[in-house]
Amino acid sequence: MNTTFLIGAALGMLGALSINVGKGVQKLKVHVFQQGRAMLHPPHRRDLGIWILGMGITATSAVPISLGMKLTESPSTIGAMTGVGLIGLVIFASRVVGEPLSRRDLVGIVLVVLGTSVLGYLGGIGHKAPRSFQTWPMARSVALPFAFGVAGCVAARVWPRLHAVAWGVMAGICLGSSYFLADAALVKAEGSFVGQLSNPYPYIAFAIGIGATVTTQIGFLKGRALEVVPAVNSAAIAIPLVLEILLYARYPRPVAGLMMAVIVSGVYLLSTGTAVKVSA
């Protein structure tokens with residue numbers, strides 16, 4: 001057992017939980033913005049405070065995710081922890097919002113727990129090739145999935161039926177790329193948690209992460225959450241894995257690849273169950 005990898009994966013789980021539970025808290029009180037300036041005064045001020053708390057919970061994910069990247073050296077593994085975050089959102093929805101747990105949720109939870117447990121035990125990458133990059137090869141690698149996402153969004157203007165999936169995939173590309181760039185910051189800083197702050201990559205990752213929130217909301221405008229949420233979460237898991245292969249030539253060991261497929265299956269079930277009602 002690789003204890004260091006396991007601790008890093010656990011930190012990734014904590015970050016994913018922060019993102020998703022924070023999202024659930026924001027969703028509870030997002031209606032406060034319909035009050036305009038009145039949200040700054042009682043009785044709406046309390047709701048605004050709860051929404052800000054949700055934002056704070058989401059923001060705290062940056063530290064455990066960055067530490068998880070450092071210990072695992074695998075953004076694809078941290079991306080796979082999205083499934084654990086969704087479990088947190090489902091439990092939050094059940095206990096706080098009052099949404100019932102469905103059989104779909106329970107099967108999804110079992111698949112995610114199985115996949116993340118085995119992945120954490122084995123470690124994600126087989127042969128660990130040295131990680132280094134130049135600016136332009138990095139830019140080209142990251143630009144490739146974004147070009148795919150943009151093409152999908154353009155196609156959705158011609159075929160409106162594609163709107164939810166296209167913008168959901170774009171949001172997932174943003175989220176997955178932000179994971180990868182957060183790891184790139186550590187690679188550039190030679191693993192220094194503090195030293196990474198002197199290069200631009202963590203700030204680019206943060207900006208792209210905000211883009212994930214914006215594009216998700218665009219998807220919700222004309223599409224069903226039932227289509228948007230699975231697309232976001234599946235792409236968020238797939239993109240770091242694709243970028244690791246393109247830029248570092250690092251391939252997951254076969255069992256790890258199988259477990260990622262199990263996690264994606266669980267994420268799909270969770271994304272189409274209770275979690276989608278909270279995210280809608």
# chains A, B, ... in the order shown; residues from 1 in each chain; ligands from 1

call {"tool": "residues_around", "arguments": {"residues": "range 180-194 of chain A", "least_positions_apart": "4", "cutoff": "10 Å", "atoms": "only C-alpha atoms", "output": "PyMOL selection string"}}
result
chain A and resi 62-63+65-76+78-79+131-134+138+142+174-176+198-206+208+239-244

call {"tool": "write_last_selection", "arguments": {"atoms": "N, CA and C atoms", "output": "compact mmCIF listing (two decimals), in the first residue's frame"}}
result
# COMPACT_ATOMS: atom_id res chain seq x y z
N ALA A 62 -9.55 24.48 -2.00
CA ALA A 62 -8.29 24.73 -2.70
C ALA A 62 -7.10 24.10 -1.97
N VAL A 63 -7.08 24.21 -0.64
CA VAL A 63 -5.93 23.71 0.12
C VAL A 63 -5.83 22.18 0.09
N ILE A 65 -7.12 20.08 -2.00
CA ILE A 65 -6.92 19.61 -3.37
C ILE A 65 -5.46 19.81 -3.79
N SER A 66 -4.88 20.98 -3.46
CA SER A 66 -3.49 21.23 -3.81
C SER A 66 -2.56 20.25 -3.09
N LEU A 67 -2.82 20.01 -1.80
CA LEU A 67 -2.01 19.05 -1.06
C LEU A 67 -2.19 17.64 -1.62
N GLY A 68 -3.43 17.31 -2.02
CA GLY A 68 -3.68 16.01 -2.62
C GLY A 68 -2.91 15.83 -3.92
N MET A 69 -2.86 16.89 -4.72
CA MET A 69 -2.07 16.86 -5.96
C MET A 69 -0.60 16.60 -5.66
N LYS A 70 -0.10 17.27 -4.63
CA LYS A 70 1.32 17.13 -4.28
C LYS A 70 1.66 15.70 -3.88
N LEU A 71 0.80 15.07 -3.10
CA LEU A 71 1.09 13.74 -2.57
C LEU A 71 0.83 12.62 -3.58
N THR A 72 -0.21 12.79 -4.40
CA THR A 72 -0.52 11.73 -5.38
C THR A 72 0.26 11.89 -6.68
N GLU A 73 0.62 13.14 -7.00
CA GLU A 73 1.24 13.45 -8.30
C GLU A 73 0.36 12.94 -9.44
N SER A 74 -0.95 13.01 -9.24
CA SER A 74 -1.88 12.46 -10.23
C SER A 74 -3.17 13.26 -10.24
N PRO A 75 -3.28 14.29 -11.11
CA PRO A 75 -4.54 15.06 -11.17
C PRO A 75 -5.73 14.22 -11.58
N SER A 76 -5.49 13.13 -12.34
CA SER A 76 -6.61 12.28 -12.75
C SER A 76 -7.22 11.58 -11.53
N ILE A 78 -7.21 12.82 -8.40
CA ILE A 78 -7.95 13.84 -7.66
C ILE A 78 -9.27 14.15 -8.38
N GLY A 79 -9.25 14.18 -9.71
CA GLY A 79 -10.49 14.39 -10.47
C GLY A 79 -11.50 13.29 -10.21
N ARG A 131 7.84 14.16 -14.79
CA ARG A 131 6.89 15.19 -15.18
C ARG A 131 7.60 16.52 -15.33
N SER A 132 7.57 17.05 -16.54
CA SER A 132 8.09 18.39 -16.81
C SER A 132 7.39 18.87 -18.07
N PHE A 133 7.37 20.16 -18.28
CA PHE A 133 6.70 20.68 -19.47
C PHE A 133 7.25 22.05 -19.82
N GLN A 134 7.05 22.39 -21.09
CA GLN A 134 7.32 23.74 -21.59
C GLN A 134 5.99 24.44 -21.78
N MET A 138 2.31 22.75 -23.11
CA MET A 138 1.24 22.76 -22.11
C MET A 138 0.00 23.46 -22.66
N VAL A 142 -3.74 21.74 -23.25
CA VAL A 142 -4.95 22.22 -22.58
C VAL A 142 -5.95 22.77 -23.59
N CYS A 174 -13.63 22.72 -18.10
CA CYS A 174 -13.08 23.79 -17.25
C CYS A 174 -12.65 23.24 -15.90
N LEU A 175 -13.50 22.44 -15.29
CA LEU A 175 -13.20 21.92 -13.96
C LEU A 175 -12.02 20.96 -14.00
N GLY A 176 -12.03 20.03 -14.95
CA GLY A 176 -10.92 19.08 -15.07
C GLY A 176 -9.62 19.75 -15.40
N SER A 198 4.35 31.47 -6.89
CA SER A 198 5.15 32.42 -7.67
C SER A 198 5.02 32.20 -9.17
N ASN A 199 4.27 31.16 -9.59
CA ASN A 199 4.04 30.97 -11.03
C ASN A 199 2.56 31.18 -11.34
N PRO A 200 2.22 31.39 -12.60
CA PRO A 200 0.83 31.80 -12.92
C PRO A 200 -0.20 30.69 -12.89
N TYR A 201 0.22 29.43 -12.83
CA TYR A 201 -0.71 28.33 -13.04
C TYR A 201 -1.81 28.21 -11.98
N PRO A 202 -1.52 28.42 -10.68
CA PRO A 202 -2.65 28.31 -9.73
C PRO A 202 -3.71 29.36 -9.95
N TYR A 203 -3.30 30.53 -10.42
CA TYR A 203 -4.26 31.62 -10.65
C TYR A 203 -5.08 31.36 -11.92
N ILE A 204 -4.42 30.78 -12.93
CA ILE A 204 -5.15 30.39 -14.14
C ILE A 204 -6.15 29.28 -13.79
N ALA A 205 -5.71 28.33 -12.95
CA ALA A 205 -6.60 27.25 -12.53
C ALA A 205 -7.83 27.80 -11.81
N PHE A 206 -7.61 28.79 -10.95
CA PHE A 206 -8.72 29.40 -10.21
C PHE A 206 -9.70 30.07 -11.17
N ILE A 208 -10.20 29.44 -14.37
CA ILE A 208 -10.89 28.44 -15.16
C ILE A 208 -11.95 27.73 -14.31
N ILE A 239 -10.94 14.61 -18.23
CA ILE A 239 -9.98 15.58 -18.77
C ILE A 239 -8.60 15.49 -18.12
N PRO A 240 -8.47 15.43 -16.78
CA PRO A 240 -7.12 15.31 -16.21
C PRO A 240 -6.39 14.06 -16.70
N LEU A 241 -7.14 12.95 -16.86
CA LEU A 241 -6.53 11.72 -17.35
C LEU A 241 -6.01 11.90 -18.77
N VAL A 242 -6.82 12.53 -19.64
CA VAL A 242 -6.41 12.78 -21.02
C VAL A 242 -5.18 13.69 -21.06
N LEU A 243 -5.17 14.74 -20.24
CA LEU A 243 -4.05 15.68 -20.25
C LEU A 243 -2.77 15.04 -19.71
N GLU A 244 -2.89 14.15 -18.73
CA GLU A 244 -1.72 13.43 -18.24
C GLU A 244 -1.11 12.59 -19.35

call {"tool": "residues_around", "arguments": {"residues": "range 10-21 of chain A", "least_positions_apart": "4", "cutoff": "6 Å", "atoms": "only C-alpha atoms", "output": "number ranges by chain"}}
result
A: 57-58, 61, 64-65, 68, 78, 81-82, 84-85, 88-89

call {"tool": "atom_distance", "arguments": {"atom1": "CA of Leu197 in chain A", "atom2": "CA of Phe5 in chain A"}}
result
23.0 Å

call {"tool": "residues_around", "arguments": {"residues": "Arg104 in chain A", "least_positions_apart": "3", "cutoff": "7 Å", "atoms": "only C-alpha atoms", "output": "MDAnalysis selection string"}}
result
chainID A and resid 107:108 269:270 273

call {"tool": "write_last_selection", "arguments": {"atoms": "C-alpha atoms", "output": "tab-separated table (two decimals), in the first residue's frame"}}
result
chain	number	residue	atom	x	y	z
A	107	VAL	CA	-25.96	1.89	-6.25
A	108	GLY	CA	-23.97	4.97	-7.28
A	269	LEU	CA	-25.99	7.33	-11.27
A	270	LEU	CA	-25.49	9.92	-8.53
A	273	GLY	CA	-30.47	10.87	-8.83

call {"tool": "select_by_dssp", "arguments": {"residues": "range 48-240 of chain A", "states": "alpha helix (DSSP H)", "output": "ChimeraX atom specification"}}
result
/A:48-59,62-72,75-80,82-92,103-122,135-158,163-188,201-222,225-240

call {"tool": "closest_residue", "arguments": {"among": "A:Met55, A:Leu28, A:Ile218, A:Ala236", "to": "Val264 in chain A", "atoms": "only C-alpha atoms"}}
result
A:Ala236

call {"tool": "atom_distance", "arguments": {"atom1": "CA of Leu258 in chain A", "atom2": "CA of Val113 in chain A"}}
result
13.8 Å

call {"tool": "residues_around", "arguments": {"residues": "range 29-33 of chain A", "least_positions_apart": "6", "cutoff": "9 Å", "atoms": "only C-alpha atoms", "output": "MDAnalysis selection string"}}
result
chainID A and resid 39 44:45 47:48 50:51

call {"tool": "write_last_selection", "arguments": {"atoms": "C-alpha atoms", "output": "tab-separated table (two decimals), in the first residue's frame"}}
result
chain	number	residue	atom	x	y	z
A	39	MET	CA	-30.73	41.11	0.70
A	44	HIS	CA	-32.90	38.40	3.96
A	45	ARG	CA	-29.46	39.16	5.38
A	47	ASP	CA	-30.00	33.99	3.88
A	48	LEU	CA	-27.17	35.97	2.29
A	50	ILE	CA	-25.73	31.29	4.62
A	51	TRP	CA	-24.99	31.66	0.89

call {"tool": "closest_residue", "arguments": {"among": "A:Leu247, A:Ala171, A:Ile210, A:Leu6", "to": "Arg140 in chain A", "atoms": "only C-alpha atoms"}}
result
A:Leu247

call {"tool": "atom_distance", "arguments": {"atom1": "CA of Gly152 in chain A", "atom2": "CA of Leu246 in chain A"}}
result
21.0 Å

call {"tool": "residues_around", "arguments": {"residues": "Leu111 in chain A", "least_positions_apart": "3", "cutoff": "10 Å", "atoms": "only C-alpha atoms", "output": "list of chain:residue names"}}
result
A:Gly83, A:Asp105, A:Leu106, A:Val107, A:Gly108, A:Leu114, A:Gly115, A:Thr116, A:Ser117, A:Met259, A:Ala261, A:Val262, A:Ile263, A:Val264, A:Ser265, A:Gly266, A:Val267, A:Leu269, A:Leu270

call {"tool": "write_last_selection", "arguments": {"atoms": "C-alpha atoms", "output": "mmCIF file, in the first residue's frame"}}
result
data_model
loop_
_atom_site.group_PDB
_atom_site.id
_atom_site.type_symbol
_atom_site.label_atom_id
_atom_site.label_comp_id
_atom_site.auth_asym_id
_atom_site.auth_seq_id
_atom_site.Cartn_x
_atom_site.Cartn_y
_atom_site.Cartn_z
ATOM 1 C CA GLY A 83 -17.640 10.903 -6.977
ATOM 2 C CA ASP A 105 -28.222 6.879 -5.413
ATOM 3 C CA LEU A 106 -27.414 3.825 -3.310
ATOM 4 C CA VAL A 107 -25.959 1.886 -6.246
ATOM 5 C CA GLY A 108 -23.975 4.966 -7.276
ATOM 6 C CA LEU A 114 -15.595 0.625 -4.413
ATOM 7 C CA GLY A 115 -13.758 2.493 -7.166
ATOM 8 C CA THR A 116 -12.126 5.112 -4.947
ATOM 9 C CA SER A 117 -11.151 2.551 -2.293
ATOM 10 C CA MET A 259 -11.720 1.598 -11.259
ATOM 11 C CA ALA A 261 -14.638 3.527 -15.216
ATOM 12 C CA VAL A 262 -16.454 2.183 -12.137
ATOM 13 C CA ILE A 263 -16.292 5.657 -10.532
ATOM 14 C CA VAL A 264 -17.644 7.314 -13.693
ATOM 15 C CA SER A 265 -20.547 4.825 -13.672
ATOM 16 C CA GLY A 266 -21.262 5.682 -10.038
ATOM 17 C CA VAL A 267 -20.979 9.400 -10.768
ATOM 18 C CA LEU A 269 -25.992 7.330 -11.274
ATOM 19 C CA LEU A 270 -25.486 9.916 -8.531
#
